[in-house]
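Student: One file: model-v5.txt (compact mmCIF, C-alpha atoms).
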# COMPACT_ATOMS: atom_id res chain seq x y z
CA MET W 255 -101.29 95.18 -77.29
CA SER W 256 -99.69 94.90 -80.72
CA GLN W 257 -101.78 96.08 -83.65
CA SER W 258 -100.77 92.95 -85.55
CA ILE W 259 -102.02 90.47 -82.97
CA SER W 260 -104.17 87.76 -84.51
CA GLU W 261 -107.45 86.47 -83.14
CA TYR W 262 -105.72 83.23 -82.20
CA GLU W 263 -102.94 85.05 -80.34
CA ALA W 264 -105.55 87.17 -78.58
CA ALA W 265 -107.45 84.03 -77.56
CA ARG W 266 -104.23 82.53 -76.21
CA GLU W 267 -103.49 85.65 -74.15
CA LEU W 268 -107.04 85.73 -72.83
CA ALA W 269 -106.84 82.02 -71.95
CA ARG W 270 -103.69 82.66 -69.94
CA LYS W 271 -105.37 85.52 -68.09
CA TYR W 272 -108.41 83.43 -67.13
CA GLU W 273 -106.29 80.41 -66.17
CA LEU W 274 -104.70 82.60 -63.50
CA ASP W 275 -108.21 82.97 -62.07
CA GLY W 276 -108.73 79.23 -61.91
CA TYR W 277 -110.48 78.62 -65.23
CA THR W 278 -109.68 75.81 -67.62
CA ALA W 279 -109.27 77.09 -71.16
CA GLU W 280 -109.52 75.38 -74.54
CA LEU W 281 -108.55 77.16 -77.73
CA GLU W 282 -110.79 76.61 -80.76
CA PRO W 283 -112.65 73.64 -79.21
CA LYS W 284 -113.98 71.14 -81.74
CA ASN W 285 -116.23 69.03 -79.54
CA ILE W 286 -118.02 70.69 -76.64
CA PRO W 287 -120.06 68.29 -74.47
CA GLY W 288 -123.60 69.49 -73.91
CA ALA W 289 -123.39 72.18 -76.57
CA ASP W 290 -125.53 70.75 -79.34
CA PHE W 291 -127.43 74.03 -79.31
CA LEU W 292 -124.39 75.68 -80.94
CA GLY W 293 -124.95 73.74 -84.14
CA SER W 294 -121.97 74.17 -86.48
CA TYR W 295 -120.67 77.25 -84.67
CA ARG W 296 -117.28 76.88 -82.97
CA PRO W 297 -115.94 79.60 -80.66
CA ASP W 298 -112.42 80.98 -80.48
CA LEU W 299 -112.12 79.97 -76.83
CA LEU W 300 -114.00 77.95 -74.22
CA LEU W 301 -113.55 78.79 -70.54
CA GLU W 302 -114.87 76.69 -67.66
CA ARG W 303 -114.85 76.99 -63.88
CA ASP W 304 -117.13 75.60 -61.19
CA GLY W 305 -119.59 74.24 -63.72
CA GLN W 306 -119.96 77.52 -65.60
CA LYS W 307 -118.88 77.67 -69.23
CA ILE W 308 -118.00 80.85 -71.12
CA ILE W 309 -118.04 80.94 -74.91
CA VAL W 310 -115.57 83.54 -76.21
CA GLU W 311 -115.79 85.10 -79.66
CA ILE W 312 -112.99 87.43 -80.75
CA LYS W 313 -113.38 90.00 -83.52
CA ARG W 314 -110.74 92.38 -84.79
CA ARG W 315 -113.16 95.29 -84.91
CA HIS W 316 -116.83 96.14 -84.55
CA ARG W 317 -118.83 95.46 -87.70
CA PRO W 318 -122.43 96.75 -87.64
CA GLU W 319 -123.60 94.15 -90.16
CA LEU W 320 -122.72 91.39 -87.66
CA SER W 321 -124.47 92.95 -84.68
CA LYS W 322 -127.77 91.12 -85.13
CA HIS W 323 -126.01 87.79 -85.69
CA ILE W 324 -123.83 88.25 -82.59
CA GLU W 325 -126.81 89.29 -80.46
CA ALA W 326 -128.79 86.22 -81.60
CA LEU W 327 -125.81 84.00 -80.78
CA LYS W 328 -125.46 85.57 -77.34
CA ASN W 329 -129.15 85.05 -76.60
CA LYS W 330 -129.03 81.42 -77.71
CA ILE W 331 -126.03 80.69 -75.50
CA GLU W 332 -127.19 82.54 -72.40
CA GLN W 333 -130.60 80.87 -72.46
CA GLN W 334 -128.75 77.70 -71.46
CA PRO W 335 -128.23 77.26 -67.69
CA GLY W 336 -124.58 77.69 -66.74
CA TRP W 337 -123.51 79.21 -70.08
CA LYS W 338 -122.24 82.74 -70.78
CA PHE W 339 -121.06 84.55 -73.90
CA LEU W 340 -118.12 86.95 -74.05
CA LEU W 341 -117.41 89.08 -77.12
CA VAL W 342 -113.97 90.70 -77.39
CA TYR W 343 -113.15 93.42 -79.93
CA LEU W 344 -109.41 93.78 -80.39
CA ASP W 345 -109.64 97.44 -81.38
CA SER W 346 -111.36 98.52 -78.18
CA ASP W 347 -111.36 95.85 -75.49
CA ARG W 348 -108.79 96.24 -72.71
CA ALA W 349 -108.95 92.62 -71.57
CA LEU W 350 -105.66 91.92 -73.34
CA ALA W 351 -103.99 95.29 -72.84
CA GLY W 352 -100.68 95.49 -71.04
CA LEU W 353 -100.81 96.33 -67.34
CA LYS W 354 -99.22 99.56 -66.18
CA SER W 355 -96.40 99.64 -63.68
CA VAL W 356 -97.07 101.62 -60.51
CA PRO W 357 -94.68 103.79 -58.48
CA TYR W 358 -93.13 102.75 -55.20
CA PRO W 359 -95.40 104.95 -53.02
CA SER W 360 -98.47 103.13 -54.34
CA ILE W 361 -96.92 99.76 -53.51
CA ARG W 362 -95.85 101.02 -50.09
CA SER W 363 -99.41 102.18 -49.44
CA LEU W 364 -100.71 98.70 -50.28
CA LEU W 365 -98.19 97.11 -47.93
CA ASN W 366 -99.30 99.47 -45.16
CA GLU W 367 -102.91 98.43 -45.78
CA ALA W 368 -101.89 94.77 -45.60
CA GLU W 369 -100.09 95.41 -42.33
CA ALA W 370 -103.16 97.14 -40.87
CA ALA W 371 -105.35 94.21 -41.92
CA PHE W 372 -102.93 91.74 -40.37
CA ASP W 373 -102.88 93.69 -37.10
CA THR W 374 -106.67 93.38 -36.87
CA GLY W 375 -106.51 89.61 -37.34
CA SER W 376 -107.33 89.47 -41.06
CA LYS W 377 -104.32 87.31 -41.83
CA ARG W 378 -105.57 85.74 -45.05
CA ALA W 379 -106.72 89.07 -46.51
CA ALA W 380 -103.35 90.61 -45.62
CA PHE W 381 -101.50 87.67 -47.16
CA LEU W 382 -103.38 87.93 -50.46
CA SER W 383 -102.83 91.71 -50.55
CA LEU W 384 -99.10 91.10 -50.28
CA TRP W 385 -99.24 88.96 -53.41
CA ALA W 386 -100.80 91.87 -55.28
CA GLY W 387 -97.89 93.99 -54.06
CA PHE W 388 -95.46 91.28 -55.12
CA GLU W 389 -96.69 91.34 -58.73
CA ALA W 390 -96.82 95.13 -58.78
CA ALA W 391 -93.24 95.35 -57.50
CA ALA W 392 -92.05 92.83 -60.09
CA ARG W 393 -93.76 94.79 -62.87
CA ARG W 394 -92.16 98.01 -61.66
CA ILE W 395 -88.71 96.44 -61.99
CA ASN W 396 -89.36 94.76 -65.34
CA PRO W 397 -92.51 96.11 -67.04
CA GLU W 398 -91.76 94.30 -70.30
CA ALA W 399 -91.42 90.82 -68.79
CA PHE W 400 -94.47 91.26 -66.57
CA SER W 401 -96.76 93.40 -68.74
CA LYS W 402 -99.47 90.72 -68.69
CA PRO W 403 -101.16 89.16 -65.64
CA GLN W 404 -98.72 86.72 -64.07
CA SER W 405 -98.84 83.60 -61.97
CA PRO W 406 -96.70 83.85 -58.82
CA GLY W 407 -94.71 80.84 -60.03
CA ARG W 408 -93.59 82.55 -63.23
CA ILE W 409 -92.61 85.74 -61.42
CA ILE W 410 -90.57 83.78 -58.91
CA THR W 411 -88.84 81.77 -61.64
CA VAL W 412 -87.94 84.84 -63.71
CA LEU W 413 -86.65 86.76 -60.71
CA ALA W 414 -84.63 83.79 -59.51
CA GLU W 415 -83.10 83.31 -62.95
CA ASN W 416 -82.01 86.94 -63.19
CA GLY W 417 -80.50 86.93 -59.70
CA THR W 418 -83.05 89.12 -57.93
CA PHE W 419 -83.69 86.32 -55.44
CA TRP W 420 -81.30 83.70 -54.11
CA PRO W 421 -82.34 80.06 -54.65
CA ASP W 422 -83.29 79.68 -50.98
CA ASP W 423 -85.48 82.77 -51.22
CA ALA W 424 -87.14 81.42 -54.36
CA ASP W 425 -87.89 78.11 -52.63
CA GLU W 426 -89.49 79.97 -49.71
CA LEU W 427 -91.59 82.07 -52.09
CA ARG W 428 -92.76 78.95 -53.91
CA ARG W 429 -93.87 77.48 -50.58
CA LEU W 430 -95.83 80.63 -49.84
CA ALA W 431 -97.22 80.74 -53.37
CA ALA W 432 -98.63 77.23 -52.90
CA LYS W 433 -100.59 78.54 -49.91
CA ARG W 434 -101.74 81.54 -51.94
CA ASN W 435 -102.95 79.31 -54.78
CA SER W 436 -104.85 76.99 -52.45
CA LEU W 437 -106.48 79.91 -50.67
CA ILE W 438 -107.44 81.91 -53.74
CA HIS W 439 -109.03 78.86 -55.35
CA GLY W 440 -111.32 78.19 -52.44
CA GLU W 441 -109.43 76.03 -49.92
CA LEU W 442 -110.57 78.22 -47.07
CA ASP W 443 -109.02 76.06 -44.35
CA VAL W 444 -105.52 77.19 -45.36
CA GLU W 445 -103.82 78.76 -42.35
CA ILE W 446 -101.49 81.72 -42.69
CA SER W 447 -99.02 81.86 -39.82
CA ASP W 448 -97.30 84.95 -38.47
CA GLU W 449 -94.09 83.55 -39.94
CA ASP W 450 -95.69 83.14 -43.40
CA TYR W 451 -96.87 86.74 -43.36
CA ALA W 452 -93.55 88.13 -42.10
CA SER W 453 -91.57 86.16 -44.67
CA LEU W 454 -93.71 87.32 -47.58
CA MET W 455 -93.73 90.93 -46.37
CA ALA W 456 -89.94 90.94 -46.19
CA HIS W 457 -89.60 89.59 -49.72
CA VAL W 458 -92.13 92.04 -51.16
CA GLU W 459 -90.42 94.95 -49.43
CA THR W 460 -87.08 93.81 -50.82
CA LEU W 461 -88.54 93.65 -54.31
CA ALA W 462 -90.42 96.94 -54.04
CA GLU W 463 -87.31 98.77 -52.89
CA GLU W 464 -85.22 97.12 -55.63
CA ARG W 465 -82.60 95.91 -53.22
CA SER W 466 -79.93 93.54 -54.50
CA PRO W 467 -79.52 90.22 -52.70
CA PRO W 468 -76.94 90.60 -49.92
CA GLU W 469 -73.47 89.18 -50.38
CA LYS W 470 -73.18 85.70 -48.91
CA SER W 471 -69.98 84.40 -47.44
CA ILE W 472 -68.65 81.14 -48.79
Show me this structure written as structure tokens.
Tutor:
Amino acid sequence: MSQSISEYEAARELARKYELDGYTAELEPKNIPGADFLGSYRPDLLLERDGQKIIVEIKRRHRPELSKHIEALKNKIEQQPGWKFLLVYLDSDRALAGLKSVPYPSIRSLLNEAEAAFDTGSKRAAFLSLWAGFEAAARRINPEAFSKPQSPGRIITVLAENGTFWPDDADELRRLAAKRNSLIHGELDVEISDEDYASLMAHVETLAEERSPPEKSI
């Protein structure tokens, strides 16, 4: 994380991270329904998912003179049903820190675990594990572009634009990503076929091994 990052930029990065987990995010909200208890206070970020709201306050560094005020604010918010308070210090919190790339053996190990899960009938668990391997493999190839948590859609678009995947491959990955998104956000009736699993495994292996797309005849 850059030392010069502002509170607003930090809030924007944090919003992006939580949106990947299915939250809606609003930067510097002015009007918050049902939050009269906040009085004139306005947070840096409001997160919401499944009826739960998270008030986010971002501070550049810890300041002892504000501790009592922050603690009182936290207590006021968390006394309300369905409300939480999150305090982020930019000088110590790792919520916005860049993610590390991992070596190929670690990715290969994950793929082996996914294969073992699939063989025991845990198709959905195996499928979701492959998406973790997909992001890890992408970050290994381009740690700068993928230093932050990524949506599958963005990874696919970037890799298609730089020629890592052919357009047909990108379309197939987007189809599989739609299943991943539905499943991870609670649509538990999503079915993962043997073909879905095999297709995703092949693409992740290709990415993890940094293979170039094969030459296609015209």
Student: Which neighbours of range 360-372 of chain W fall inside 6 Å, counting only C-alpha atoms, when residues of the same chain fewer than 6 positions from it are skipped, and could you give them as a VMD selection string?
Tutor: chain W and resid 380 383 387
Student: Select, counting all atoms listed in the file, all protein, DNA and RNA residues no farther than 12 Å from (-119.1, 96.6, -82.5) in file coordinates, and express the selection as an MDAnalysis selection string.
Tutor: chainID W and resid 312:325 341:347
Student: Identify, on the basis of all atoms listed in the file, every residue whose closest approach to range 335-337 of chain W does not exceed 7 Å; exclude the query and any residue fewer than 5 positions from it along the same chain; express the result as a VMD selection string.
Tutor: chain W and resid 305 to 308
Student: Neighbours of Leu299 in chain W within 10 Å (only C-alpha atoms; same-chain residues fewer than 6 positions away dropped), as a ChimeraX atom specification?
Tutor: /W:262,264-266,268-269,279-283,308-312,340
Student: For those residues, write C-alpha atoms to a file as a PDB file, in the frame of the given file.
Tutor:
ATOM      1  CA  TYR W 262    -105.720  83.230 -82.200  1.00  0.00           C
ATOM      2  CA  ALA W 264    -105.550  87.170 -78.580  1.00  0.00           C
ATOM      3  CA  ALA W 265    -107.450  84.030 -77.560  1.00  0.00           C
ATOM      4  CA  ARG W 266    -104.230  82.530 -76.210  1.00  0.00           C
ATOM      5  CA  LEU W 268    -107.040  85.730 -72.830  1.00  0.00           C
ATOM      6  CA  ALA W 269    -106.840  82.020 -71.950  1.00  0.00           C
ATOM      7  CA  ALA W 279    -109.270  77.090 -71.160  1.00  0.00           C
ATOM      8  CA  GLU W 280    -109.520  75.380 -74.540  1.00  0.00           C
ATOM      9  CA  LEU W 281    -108.550  77.160 -77.730  1.00  0.00           C
ATOM     10  CA  GLU W 282    -110.790  76.610 -80.760  1.00  0.00           C
ATOM     11  CA  PRO W 283    -112.650  73.640 -79.210  1.00  0.00           C
ATOM     12  CA  ILE W 308    -118.000  80.850 -71.120  1.00  0.00           C
ATOM     13  CA  ILE W 309    -118.040  80.940 -74.910  1.00  0.00           C
ATOM     14  CA  VAL W 310    -115.570  83.540 -76.210  1.00  0.00           C
ATOM     15  CA  GLU W 311    -115.790  85.100 -79.660  1.00  0.00           C
ATOM     16  CA  ILE W 312    -112.990  87.430 -80.750  1.00  0.00           C
ATOM     17  CA  LEU W 340    -118.120  86.950 -74.050  1.00  0.00           C
TER      18      LEU W 340
END
Student: If I take CA of Leu274 in chain W and CA of Gln404 in chain W, how far is one from the other in Å, to one decimal?
Tutor: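 Separation between CA of Leu274 in chain W and CA of Gln404 in chain W: 7.3 Å.
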Student: For CA of Phe400 in chain W and CA of Glu459 in chain W, quote the distance in Å rounded to one decimal.
Tutor: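 Spanning CA of Phe400 in chain W to CA of Glu459 in chain W is a straight-line distance of 18.0 Å.
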Student: Just checking: using only C-alpha atoms, which residue out of W:Ala424, W:Leu382, W:Leu301, W:Ile286 ends up closest to Ile409 in chain W?
Tutor: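 Smallest separation from Ile409 in chain W among the options: W:Ala424.
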Student: In Å, with one decimal, what is the gap from CA of Glu302 in chain W to CA of Gly276 in chain W?
Tutor: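 A separation of 8.8 Å between them.
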